[in-house]
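Enquirer: Below you'll find model.json; it's JSON, C-alpha atoms.
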```
[["chain", "number", "residue", "atom", "x", "y", "z"],
["B", 1, "MET", "CA", 0.00, 0.00, 0.00],
["B", 2, "ASP", "CA", 1.34, 3.37, -1.05],
["B", 3, "TRP", "CA", 1.21, 5.83, 1.87],
["B", 4, "THR", "CA", 2.76, 8.66, -0.10],
["B", 5, "PRO", "CA", -0.54, 10.55, -0.90],
["B", 6, "PHE", "CA", -1.67, 10.32, 2.70],
["B", 7, "VAL", "CA", 1.70, 11.48, 4.03],
["B", 8, "THR", "CA", 1.77, 14.32, 1.51],
["B", 9, "TRP", "CA", -1.76, 15.44, 2.51],
["B", 10, "LEU", "CA", -0.91, 15.12, 6.16],
["B", 11, "ILE", "CA", 2.23, 17.23, 5.77],
["B", 12, "GLU", "CA", 0.43, 19.87, 3.73],
["B", 13, "HIS", "CA", -3.00, 20.07, 5.36],
["B", 14, "GLY", "CA", -2.31, 18.49, 8.73],
["B", 15, "THR", "CA", 0.28, 21.12, 9.49],
["B", 16, "ARG", "CA", -2.23, 23.85, 8.61],
["B", 17, "ILE", "CA", -4.89, 22.28, 10.80],
["B", 18, "LEU", "CA", -2.49, 22.11, 13.74],
["B", 19, "LEU", "CA", -1.50, 25.71, 13.07],
["B", 20, "ILE", "CA", -5.17, 26.78, 13.08],
["B", 21, "ILE", "CA", -5.75, 25.00, 16.38],
["B", 22, "ALA", "CA", -2.60, 26.53, 17.86],
["B", 23, "VAL", "CA", -3.64, 30.03, 16.77],
["B", 24, "ALA", "CA", -7.14, 29.53, 18.23],
["B", 25, "VAL", "CA", -5.68, 28.42, 21.57],
["B", 26, "ALA", "CA", -3.23, 31.33, 21.55],
["B", 27, "LEU", "CA", -6.08, 33.77, 20.87],
["B", 28, "TYR", "CA", -8.01, 32.26, 23.78],
["B", 29, "TYR", "CA", -5.14, 32.95, 26.20],
["B", 30, "ILE", "CA", -4.62, 36.42, 24.73],
["B", 31, "LEU", "CA", -8.30, 37.23, 25.24],
["B", 32, "ARG", "CA", -8.22, 35.92, 28.81],
["B", 33, "HIS", "CA", -5.13, 37.94, 29.67],
["B", 34, "PHE", "CA", -5.27, 41.18, 27.73],
["B", 35, "VAL", "CA", -9.01, 41.92, 27.48],
["B", 36, "PRO", "CA", -9.43, 42.56, 31.26],
["B", 37, "ILE", "CA", -6.38, 44.88, 31.20],
["B", 38, "MET", "CA", -7.67, 46.84, 28.21],
["B", 39, "VAL", "CA", -11.19, 47.02, 29.59],
["B", 40, "LYS", "CA", -9.91, 48.18, 32.98],
["B", 41, "LYS", "CA", -7.93, 51.02, 31.41],
["B", 42, "THR", "CA", -10.89, 52.12, 29.31],
["B", 43, "VAL", "CA", -13.38, 51.90, 32.18],
["B", 44, "SER", "CA", -11.03, 53.78, 34.52],
["B", 45, "ARG", "CA", -10.84, 56.66, 32.05],
["B", 46, "THR", "CA", -14.59, 56.81, 31.46],
["B", 47, "MET", "CA", -15.61, 56.38, 35.13],
["B", 48, "VAL", "CA", -13.34, 58.90, 36.82],
["B", 49, "GLY", "CA", -14.56, 59.63, 40.35],
["B", 50, "LYS", "CA", -17.01, 56.71, 40.45],
["B", 51, "GLY", "CA", -15.08, 54.74, 43.07],
["B", 52, "LYS", "CA", -13.04, 51.55, 42.95],
["B", 53, "THR", "CA", -16.00, 49.26, 43.66],
["B", 54, "ALA", "CA", -18.08, 50.59, 40.74],
["B", 55, "ILE", "CA", -15.08, 50.42, 38.39],
["B", 56, "LYS", "CA", -14.34, 46.83, 39.44],
["B", 57, "LYS", "CA", -17.95, 45.74, 38.84],
["B", 58, "ARG", "CA", -18.03, 47.36, 35.41],
["B", 59, "ASN", "CA", -14.66, 45.86, 34.48],
["B", 60, "THR", "CA", -15.73, 42.34, 35.52],
["B", 61, "THR", "CA", -19.01, 42.53, 33.60],
["B", 62, "LEU", "CA", -17.54, 43.85, 30.34],
["B", 63, "SER", "CA", -14.51, 41.56, 30.46],
["B", 64, "ASN", "CA", -16.70, 38.46, 30.72],
["B", 65, "ILE", "CA", -18.86, 39.60, 27.81],
["B", 66, "PHE", "CA", -15.94, 40.41, 25.50],
["B", 67, "ILE", "CA", -14.10, 37.18, 26.31],
["B", 68, "GLU", "CA", -17.14, 34.96, 25.73],
["B", 69, "THR", "CA", -18.11, 36.77, 22.52],
["B", 70, "GLY", "CA", -14.53, 36.70, 21.23],
["B", 71, "MET", "CA", -14.15, 33.00, 21.91],
["B", 72, "VAL", "CA", -17.37, 32.18, 20.07],
["B", 73, "PHE", "CA", -16.13, 34.12, 17.05],
["B", 74, "VAL", "CA", -12.66, 32.52, 17.14],
["B", 75, "GLY", "CA", -14.16, 29.05, 17.56],
["B", 76, "VAL", "CA", -16.55, 29.42, 14.61],
["B", 77, "VAL", "CA", -13.82, 30.78, 12.30],
["B", 78, "ALA", "CA", -11.41, 27.99, 13.33],
["B", 79, "ILE", "CA", -14.01, 25.30, 12.66],
["B", 80, "PHE", "CA", -14.78, 26.61, 9.18],
["B", 81, "MET", "CA", -11.07, 26.87, 8.34],
["B", 82, "ILE", "CA", -10.48, 23.28, 9.46],
["B", 83, "ILE", "CA", -13.44, 22.08, 7.39],
["B", 84, "SER", "CA", -12.02, 23.89, 4.38],
["B", 85, "GLU", "CA", -8.64, 22.20, 4.89],
["B", 86, "LEU", "CA", -10.39, 18.84, 4.94],
["B", 87, "GLY", "CA", -11.55, 19.53, 1.39],
["B", 88, "ILE", "CA", -15.21, 20.05, 2.21],
["B", 89, "ASN", "CA", -16.93, 22.77, 0.20],
["B", 90, "ILE", "CA", -18.36, 25.13, 2.79],
["B", 91, "ALA", "CA", -20.16, 27.43, 0.34],
["B", 92, "PRO", "CA", -23.38, 25.36, 0.29],
["B", 93, "ALA", "CA", -23.14, 25.01, 4.05],
["B", 94, "LEU", "CA", -22.86, 28.77, 4.47],
["B", 95, "ALA", "CA", -25.82, 29.30, 2.15],
["B", 96, "GLY", "CA", -27.84, 26.75, 4.09],
["B", 97, "LEU", "CA", -26.89, 28.40, 7.37],
["B", 98, "GLY", "CA", -28.03, 31.73, 5.98],
["B", 99, "ILE", "CA", -31.46, 30.34, 5.08],
["B", 100, "ALA", "CA", -31.68, 28.52, 8.41],
["B", 101, "GLY", "CA", -30.70, 31.72, 10.17],
["B", 102, "ILE", "CA", -33.61, 33.58, 8.59],
["B", 103, "ALA", "CA", -36.03, 30.83, 9.60],
["B", 104, "VAL", "CA", -34.65, 30.74, 13.14],
["B", 105, "GLY", "CA", -34.86, 34.53, 13.27],
["B", 106, "PHE", "CA", -38.61, 34.40, 12.70],
["B", 107, "GLY", "CA", -39.10, 31.61, 15.20],
["B", 108, "ALA", "CA", -36.73, 32.91, 17.87],
["B", 109, "GLN", "CA", -37.86, 36.49, 18.28],
["B", 110, "SER", "CA", -37.58, 36.19, 22.05],
["B", 111, "LEU", "CA", -33.90, 35.27, 21.67],
["B", 112, "VAL", "CA", -33.31, 38.33, 19.49],
["B", 113, "LYS", "CA", -35.11, 40.44, 22.10],
["B", 114, "ASP", "CA", -32.90, 38.95, 24.84],
["B", 115, "LEU", "CA", -29.73, 39.79, 22.90],
["B", 116, "PHE", "CA", -30.89, 43.30, 22.06],
["B", 117, "ASN", "CA", -31.84, 44.03, 25.68],
["B", 118, "GLY", "CA", -28.52, 42.57, 26.81],
["B", 119, "VAL", "CA", -26.60, 44.96, 24.58],
["B", 120, "LEU", "CA", -28.56, 47.94, 25.98],
["B", 121, "ILE", "CA", -28.04, 46.80, 29.58],
["B", 122, "LEU", "CA", -24.29, 46.62, 29.05],
["B", 123, "LEU", "CA", -23.97, 49.86, 27.08],
["B", 124, "GLU", "CA", -26.10, 51.87, 29.52],
["B", 125, "ASP", "CA", -24.57, 50.18, 32.56],
["B", 126, "HIS", "CA", -27.86, 49.40, 34.33],
["B", 127, "TYR", "CA", -26.10, 46.95, 36.63],
["B", 128, "GLY", "CA", -23.10, 44.65, 36.73],
["B", 129, "VAL", "CA", -21.64, 41.62, 38.49],
["B", 130, "GLY", "CA", -21.70, 42.22, 42.25],
["B", 131, "ASP", "CA", -24.70, 44.59, 42.30],
["B", 132, "TYR", "CA", -27.83, 43.85, 44.29],
["B", 133, "VAL", "CA", -30.84, 44.44, 42.04],
["B", 134, "HIS", "CA", -34.58, 43.95, 41.63],
["B", 135, "ILE", "CA", -35.46, 42.70, 38.15],
["B", 136, "ALA", "CA", -38.43, 40.70, 36.79],
["B", 137, "GLY", "CA", -39.93, 40.62, 40.29],
["B", 138, "ILE", "CA", -36.82, 39.05, 41.88],
["B", 139, "ASP", "CA", -34.31, 40.53, 44.33],
["B", 140, "GLY", "CA", -30.79, 39.15, 44.30],
["B", 141, "LEU", "CA", -27.05, 39.59, 43.87],
["B", 142, "VAL", "CA", -25.90, 39.64, 40.24],
["B", 143, "GLU", "CA", -23.53, 36.71, 39.69],
["B", 144, "ASP", "CA", -23.26, 36.82, 35.90],
["B", 145, "VAL", "CA", -24.44, 38.94, 32.96],
["B", 146, "THR", "CA", -24.33, 37.87, 29.32],
["B", 147, "LEU", "CA", -25.97, 39.19, 26.19],
["B", 148, "ARG", "CA", -28.83, 36.71, 26.64],
["B", 149, "ARG", "CA", -29.49, 36.40, 30.36],
["B", 150, "THR", "CA", -28.75, 37.69, 33.86],
["B", 151, "VAL", "CA", -28.06, 35.34, 36.78],
["B", 152, "LEU", "CA", -29.18, 36.36, 40.29],
["B", 153, "ARG", "CA", -28.73, 34.64, 43.66],
["B", 154, "ASP", "CA", -31.29, 35.62, 46.31],
["B", 155, "LEU", "CA", -30.89, 35.63, 50.10],
["B", 156, "ASP", "CA", -32.06, 32.00, 50.30],
["B", 157, "GLY", "CA", -29.19, 31.00, 48.01],
["B", 158, "THR", "CA", -31.51, 30.23, 45.10],
["B", 159, "VAL", "CA", -30.05, 31.01, 41.67],
["B", 160, "HIS", "CA", -32.38, 32.67, 39.14],
["B", 161, "SER", "CA", -31.53, 32.81, 35.43],
["B", 162, "ILE", "CA", -33.55, 35.65, 33.87],
["B", 163, "PRO", "CA", -33.69, 36.26, 30.10],
["B", 164, "ASN", "CA", -32.74, 39.87, 29.40],
["B", 165, "GLY", "CA", -35.87, 40.26, 27.27],
["B", 166, "GLU", "CA", -37.99, 39.80, 30.41],
["B", 167, "ILE", "CA", -36.37, 42.78, 32.13],
["B", 168, "GLY", "CA", -38.56, 45.86, 31.80],
["B", 169, "VAL", "CA", -37.39, 47.82, 34.85],
["B", 170, "ALA", "CA", -34.09, 47.25, 36.67],
["B", 171, "SER", "CA", -33.78, 48.63, 40.21],
["B", 172, "ASN", "CA", -30.17, 48.76, 41.42],
["B", 173, "TYR", "CA", -29.75, 48.98, 45.22],
["B", 174, "THR", "CA", -25.97, 49.38, 45.04],
["B", 175, "LYS", "CA", -25.23, 51.90, 42.29],
["B", 176, "GLU", "CA", -22.13, 53.81, 43.46],
["B", 177, "TRP", "CA", -23.52, 54.12, 47.03],
["B", 178, "SER", "CA", -26.38, 52.79, 49.16],
["B", 179, "ARG", "CA", -28.75, 54.37, 51.66],
["B", 180, "VAL", "CA", -29.71, 53.69, 55.26],
["B", 181, "ASN", "CA", -33.50, 54.13, 55.42],
["B", 182, "LEU", "CA", -35.36, 52.99, 58.54],
["B", 183, "ASN", "CA", -38.02, 54.08, 61.03],
["B", 184, "ILE", "CA", -37.69, 53.96, 64.81],
["B", 185, "SER", "CA", -40.86, 54.18, 66.93],
["B", 186, "VAL", "CA", -40.98, 55.87, 70.37],
["B", 187, "GLY", "CA", -43.78, 56.40, 72.87],
["B", 188, "TYR", "CA", -46.12, 59.40, 72.83],
["B", 189, "GLY", "CA", -44.89, 60.46, 76.23],
["B", 190, "GLU", "CA", -41.28, 60.98, 75.07],
["B", 191, "ASP", "CA", -39.62, 64.35, 74.42],
["B", 192, "LEU", "CA", -39.01, 64.21, 70.67],
["B", 193, "ASP", "CA", -36.22, 66.81, 70.75],
["B", 194, "ARG", "CA", -34.35, 64.63, 73.24],
["B", 195, "VAL", "CA", -35.04, 61.48, 71.22],
["B", 196, "ILE", "CA", -33.74, 63.08, 67.99],
["B", 197, "GLU", "CA", -30.63, 64.28, 69.83],
["B", 198, "VAL", "CA", -29.95, 60.74, 71.08],
["B", 199, "ILE", "CA", -30.46, 59.25, 67.59],
["B", 200, "ASN", "CA", -28.07, 61.76, 66.00],
["B", 201, "ARG", "CA", -25.49, 61.12, 68.70],
["B", 202, "VAL", "CA", -25.61, 57.36, 68.19],
["B", 203, "GLY", "CA", -25.35, 57.77, 64.40],
["B", 204, "LYS", "CA", -22.34, 60.07, 64.73],
["B", 205, "GLU", "CA", -20.59, 57.73, 67.18],
["B", 206, "MET", "CA", -21.12, 54.82, 64.82],
["B", 207, "ALA", "CA", -19.73, 56.77, 61.84],
["B", 208, "GLU", "CA", -16.62, 57.59, 63.89],
["B", 209, "ASP", "CA", -16.14, 53.98, 65.06],
["B", 210, "PRO", "CA", -13.00, 52.56, 63.34],
["B", 211, "ASP", "CA", -14.82, 49.28, 62.68],
["B", 212, "TRP", "CA", -17.73, 50.97, 60.87],
["B", 213, "ALA", "CA", -16.25, 54.19, 59.47],
["B", 214, "PRO", "CA", -14.94, 52.53, 56.26],
["B", 215, "ARG", "CA", -18.48, 51.42, 55.39],
["B", 216, "ILE", "CA", -20.30, 54.68, 56.18],
["B", 217, "LEU", "CA", -20.21, 57.65, 53.78],
["B", 218, "LYS", "CA", -22.67, 59.86, 55.68],
["B", 219, "ALA", "CA", -23.60, 59.36, 59.33],
["B", 220, "PRO", "CA", -27.18, 58.14, 59.95],
["B", 221, "GLN", "CA", -29.29, 61.04, 61.24],
["B", 222, "ALA", "CA", -32.93, 61.67, 62.14],
["B", 223, "LEU", "CA", -34.66, 63.18, 59.10],
["B", 224, "ARG", "CA", -38.20, 63.89, 60.31],
["B", 225, "VAL", "CA", -41.18, 62.69, 62.33],
["B", 226, "ASP", "CA", -42.53, 60.26, 59.77],
["B", 227, "ASN", "CA", -45.79, 59.03, 61.26],
["B", 228, "LEU", "CA", -48.13, 59.34, 64.25],
["B", 229, "GLY", "CA", -49.04, 55.70, 64.66],
["B", 230, "ASP", "CA", -51.56, 53.87, 66.83],
["B", 231, "SER", "CA", -48.99, 52.94, 69.46],
["B", 232, "GLY", "CA", -46.07, 55.33, 68.92],
["B", 233, "ILE", "CA", -44.38, 58.05, 66.91],
["B", 234, "ASP", "CA", -42.18, 56.96, 63.98],
["B", 235, "ILE", "CA", -38.94, 58.85, 63.34],
["B", 236, "LYS", "CA", -37.23, 58.33, 59.98],
["B", 237, "ILE", "CA", -33.45, 57.87, 59.95],
["B", 238, "VAL", "CA", -31.34, 58.17, 56.78],
["B", 239, "GLY", "CA", -27.64, 57.94, 55.93],
["B", 240, "GLU", "CA", -25.31, 56.82, 53.14],
["B", 241, "THR", "CA", -23.02, 53.78, 52.99],
["B", 242, "LYS", "CA", -20.73, 51.94, 50.63],
["B", 243, "PRO", "CA", -22.58, 49.63, 48.19],
["B", 244, "LEU", "CA", -24.03, 46.51, 49.85],
["B", 245, "ALA", "CA", -23.22, 47.81, 53.35],
["B", 246, "GLN", "CA", -26.61, 49.39, 54.13],
["B", 247, "TRP", "CA", -28.20, 46.29, 55.66],
["B", 248, "GLU", "CA", -25.40, 45.51, 58.09],
["B", 249, "VAL", "CA", -25.16, 49.19, 59.05],
["B", 250, "MET", "CA", -28.91, 49.33, 59.73],
["B", 251, "GLY", "CA", -28.70, 46.16, 61.82],
["B", 252, "GLU", "CA", -25.88, 47.58, 63.97],
["B", 253, "LEU", "CA", -27.71, 50.92, 64.28],
["B", 254, "ARG", "CA", -30.87, 49.23, 65.55],
["B", 255, "LEU", "CA", -28.81, 47.31, 68.12],
["B", 256, "ARG", "CA", -27.09, 50.45, 69.39],
["B", 257, "LEU", "CA", -30.31, 52.46, 69.53],
["B", 258, "LYS", "CA", -32.04, 49.74, 71.55],
["B", 259, "LYS", "CA", -29.22, 49.69, 74.11],
["B", 260, "VAL", "CA", -29.10, 53.50, 74.37],
["B", 261, "PHE", "CA", -32.89, 53.81, 74.61],
["B", 262, "ASP", "CA", -32.91, 51.31, 77.48],
["B", 263, "LYS", "CA", -30.15, 53.26, 79.23],
["B", 264, "GLU", "CA", -31.84, 56.64, 78.66],
["B", 265, "GLY", "CA", -35.28, 55.38, 79.64],
["B", 266, "ILE", "CA", -36.80, 56.04, 76.20],
["B", 267, "GLU", "CA", -39.84, 53.86, 75.55],
["B", 268, "ILE", "CA", -40.09, 51.74, 72.41],
["B", 269, "PRO", "CA", -43.85, 51.09, 72.23],
["B", 270, "TRP", "CA", -45.74, 47.96, 71.26],
["B", 271, "PRO", "CA", -49.44, 47.51, 70.38],
["B", 272, "HIS", "CA", -51.70, 47.19, 73.44],
["B", 273, "THR", "CA", -55.41, 47.51, 74.32],
["B", 274, "LYS", "CA", -57.08, 49.36, 77.21],
["B", 275, "VAL", "CA", -60.30, 47.90, 78.67],
["B", 276, "PHE", "CA", -62.75, 50.21, 80.50],
["B", 277, "PHE", "CA", -65.33, 48.98, 83.07],
["B", 278, "GLY", "CA", -68.31, 51.16, 83.98],
["B", 279, "ASP", "CA", -68.48, 54.94, 83.93],
["B", 280, "ALA", "CA", -64.96, 56.34, 84.14],
["B", 281, "ALA", "CA", -66.27, 59.86, 84.79],
["B", 282, "GLU", "CA", -67.86, 58.92, 88.17],
["B", 283, "THR", "CA", -65.45, 56.56, 89.88],
["B", 284, "GLY", "CA", -62.36, 56.41, 87.74],
["B", 285, "ILE", "CA", -61.04, 53.47, 85.78],
["B", 286, "LYS", "CA", -58.87, 52.07, 88.49],
["B", 287, "GLY", "CA", -61.57, 52.26, 91.15],
["B", 288, "LEU", "CA", -64.08, 50.54, 88.93],
["B", 289, "ILE", "CA", -61.68, 47.74, 88.09],
["B", 290, "GLU", "CA", -60.83, 47.18, 91.76],
["B", 291, "GLN", "CA", -64.37, 47.65, 93.20],
["B", 292, "LYS", "CA", -66.94, 46.56, 90.62],
["B", 293, "ALA", "CA", -65.20, 43.46, 89.34],
["B", 294, "PRO", "CA", -64.88, 41.81, 92.83],
["B", 295, "ALA", "CA", -68.47, 42.83, 93.66],
["B", 296, "ASP", "CA", -69.80, 41.25, 90.49],
["B", 297, "ALA", "CA", -67.80, 38.09, 91.16],
["B", 298, "LYS", "CA", -69.17, 37.89, 94.76],
["B", 299, "ALA", "CA", -72.78, 38.32, 93.61],
["B", 300, "GLU", "CA", -72.36, 35.61, 91.00],
["B", 301, "HIS", "CA", -70.87, 33.26, 93.61],
["B", 302, "GLN", "CA", -73.78, 33.80, 96.01],
["B", 303, "SER", "CA", -76.31, 33.19, 93.24],
["B", 304, "LYS", "CA", -74.68, 29.88, 92.42],
["B", 305, "ARG", "CA", -74.84, 28.82, 96.09],
["B", 306, "LYS", "CA", -78.55, 29.60, 96.24],
["B", 307, "ARG", "CA", -79.26, 27.61, 93.10],
["B", 308, "HIS", "CA", -77.22, 24.74, 94.46],
["B", 309, "ARG", "CA", -79.21, 24.63, 97.77],
["B", 310, "LYS", "CA", -82.54, 24.47, 95.86],
["B", 311, "LEU", "CA", -81.58, 21.28, 93.99],
["B", 312, "PRO", "CA", -83.11, 17.98, 95.28],
["B", 313, "PRO", "CA", -80.68, 15.45, 96.72],
["B", 314, "ASN", "CA", -81.12, 13.07, 93.80],
["B", 315, "GLN", "CA", -80.09, 15.77, 91.28],
["B", 316, "ASP", "CA", -76.94, 16.83, 93.07]]
```
Output the structure of this file as structure tokens.
Expert:
Amino acid sequence: MDWTPFVTWLIEHGTRILLIIAVAVALYYILRHFVPIMVKKTVSRTMVGKGKTAIKKRNTTLSNIFIETGMVFVGVVAIFMIISELGINIAPALAGLGIAGIAVGFGAQSLVKDLFNGVLILLEDHYGVGDYVHIAGIDGLVEDVTLRRTVLRDLDGTVHSIPNGEIGVASNYTKEWSRVNLNISVGYGEDLDRVIEVINRVGKEMAEDPDWAPRILKAPQALRVDNLGDSGIDIKIVGETKPLAQWEVMGELRLRLKKVFDKEGIEIPWPHTKVFFGDAAETGIKGLIEQKAPADAKAEHQSKRKRHRKLPPNQD
């Protein structure tokens, strides 16, 4: 058997195929290494003053998109070049793919919508990897963003994969900075000026605490009397924190306020009900509770004893 034609083909075309594969692998490593560097430089120039956290999120999101898109393009080109080296005519295949693409385009309009929305989300920087958002009725931390879908992980640890076409409104809780926003209720008998002074003092002390200062941009302070409720008066407290730090700051603030309120004798109310017996205008509530209730109980007891004495022995 003459192996010369096979060896000749292998030397000529096999070398080219190996070269194509080597170039594709080299491009993969180049994309993985240089794209994040280039994106970081570009993002740093366009997001001056936005903060390191925001720049890092934007860099991570765009780098992942460019790398994945670049690898798909390199992979498709490499496959077609290898097919061509194998002597297969790819012209009919390309024509068939074009026709199939048109048919798929009509049947996969939702996919086109997902891709289009994904491009707008990335260009307009609605959110990125590491942000906490509310989209499509779901709250969660963004773990991945592609042109087709966004992946969220909620507080229960559940992962949600949401097609970008389903996203009408995106609410970002961690865009550049986050806000402390909570209400504290105090009793109606408290001096509100004193209560507000205590709240502001606690917020300032927390902002100056070395353990919490790096996370707080603006000390939590009392904003206004927010509501006159059924059981107490609500005071709204606001402040500004680093992204994703608002919940832990609010938790620590509630803890400190509870301790200080207990020390200062400031009442934190709870729902309760008052019961009135008789005419409060004549005898007073307390007197009626202490006098009428025992009297009624005594009369009822005597009535029972009388009824009991009237019963025949055989019905006892």
Enquirer: If I take atom CA of B:Thr42 and atom CA of B:Lys56, how far is one from the other in Å, to one decimal?
Expert: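 Value for the atom CA of B:Thr42-atom CA of B:Lys56 distance: 11.9 Å.
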Enquirer: So that I can check the surroundings of B:Ile65, please list as a list in words every protein, DNA and RNA residue that reaches within 12 Å of it, counting all atoms listed in the file and ignoring chain neighbours fewer than 6 positions away.
Expert: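 Everything that qualifies: Leu31, Arg32, Val35, Pro36, Val39, Arg58, Asn59, Met71, Val72, Leu115, Gly118, Val119, Ile121, Leu122, Leu123, Gly128, Val129, Asp144, Val145, Thr146, Leu147, Arg148, Arg149 and Thr150 of chain B.
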Enquirer: What is the distance, in Å and to one decimal place, between atom CA of B:Leu255 and atom CA of B:Ile199?
Expert: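 Spanning atom CA of B:Leu255 to atom CA of B:Ile199 is a straight-line distance of 12.1 Å.
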Enquirer: Between atom CA of B:Gly189 and atom CA of B:Val249, what is the spacing in Å?
Expert: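 One can read the atom CA of B:Val249 to atom CA of B:Gly189 distance as 28.5 Å.
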Enquirer: Would you please work out which residue, of B:Asp131, B:Tyr188, B:Ile20, B:Gly137, is nearest to B:Ile79 when using only C-alpha atoms?
Expert: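 For B:Ile79, the nearest of the candidates is B:Ile20.
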Enquirer: Which is closer to B:Glu85 than all the others in B:Arg16, B:His160, B:Lys113, B:Arg254, using only C-alpha atoms?
Expert: B:Arg16
Enquirer: Could you please give me, as a PyMOL selection string, the residues of protein, DNA or RNA lying at most 9 Å from (-9.5, 27.1, 10.2) in the coordinate frame of the file, considering all atoms listed in the file?
Expert: chain B and resi 16-17+19-21+24+75-85
Enquirer: With 7 Å as the cut-off and only C-alpha atoms counted, what is the closest atom pair between each nearby residue of stretch 105-183 of chain B and stretch 213-237 of chain B? Distances in Å to one decimal, ordered by chain and number, as CSV.
Expert:
```
residue,atom,partner,partner_atom,distance
B:Val180,CA,B:Pro220,CA,6.9
B:Asn181,CA,B:Ile237,CA,5.9
B:Leu182,CA,B:Ile237,CA,5.4
B:Asn183,CA,B:Lys236,CA,4.4
```
Enquirer: Report the centre and edge lengths, in Å to one decimal, of an axis-aligned box enclosing every atom of stretch 54-72 of chain B listed in the file, padded by 4 Å on each side, as AutoDock Vina command-line options.
Expert:
```
--center_x -16.6 --center_y 41.4 --center_z 30.4 --size_x 12.9 --size_y 26.4 --size_z 28.7
```
Enquirer: Could you check the closest approach to B:Phe261 for each of B:Gly187, B:Pro243, B:Gly165, B:Gly87 and tell me which residue wins, using all atoms listed in the file?
Expert: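 Using all atoms listed in the file, the shortest distance to B:Phe261 belongs to B:Gly187.
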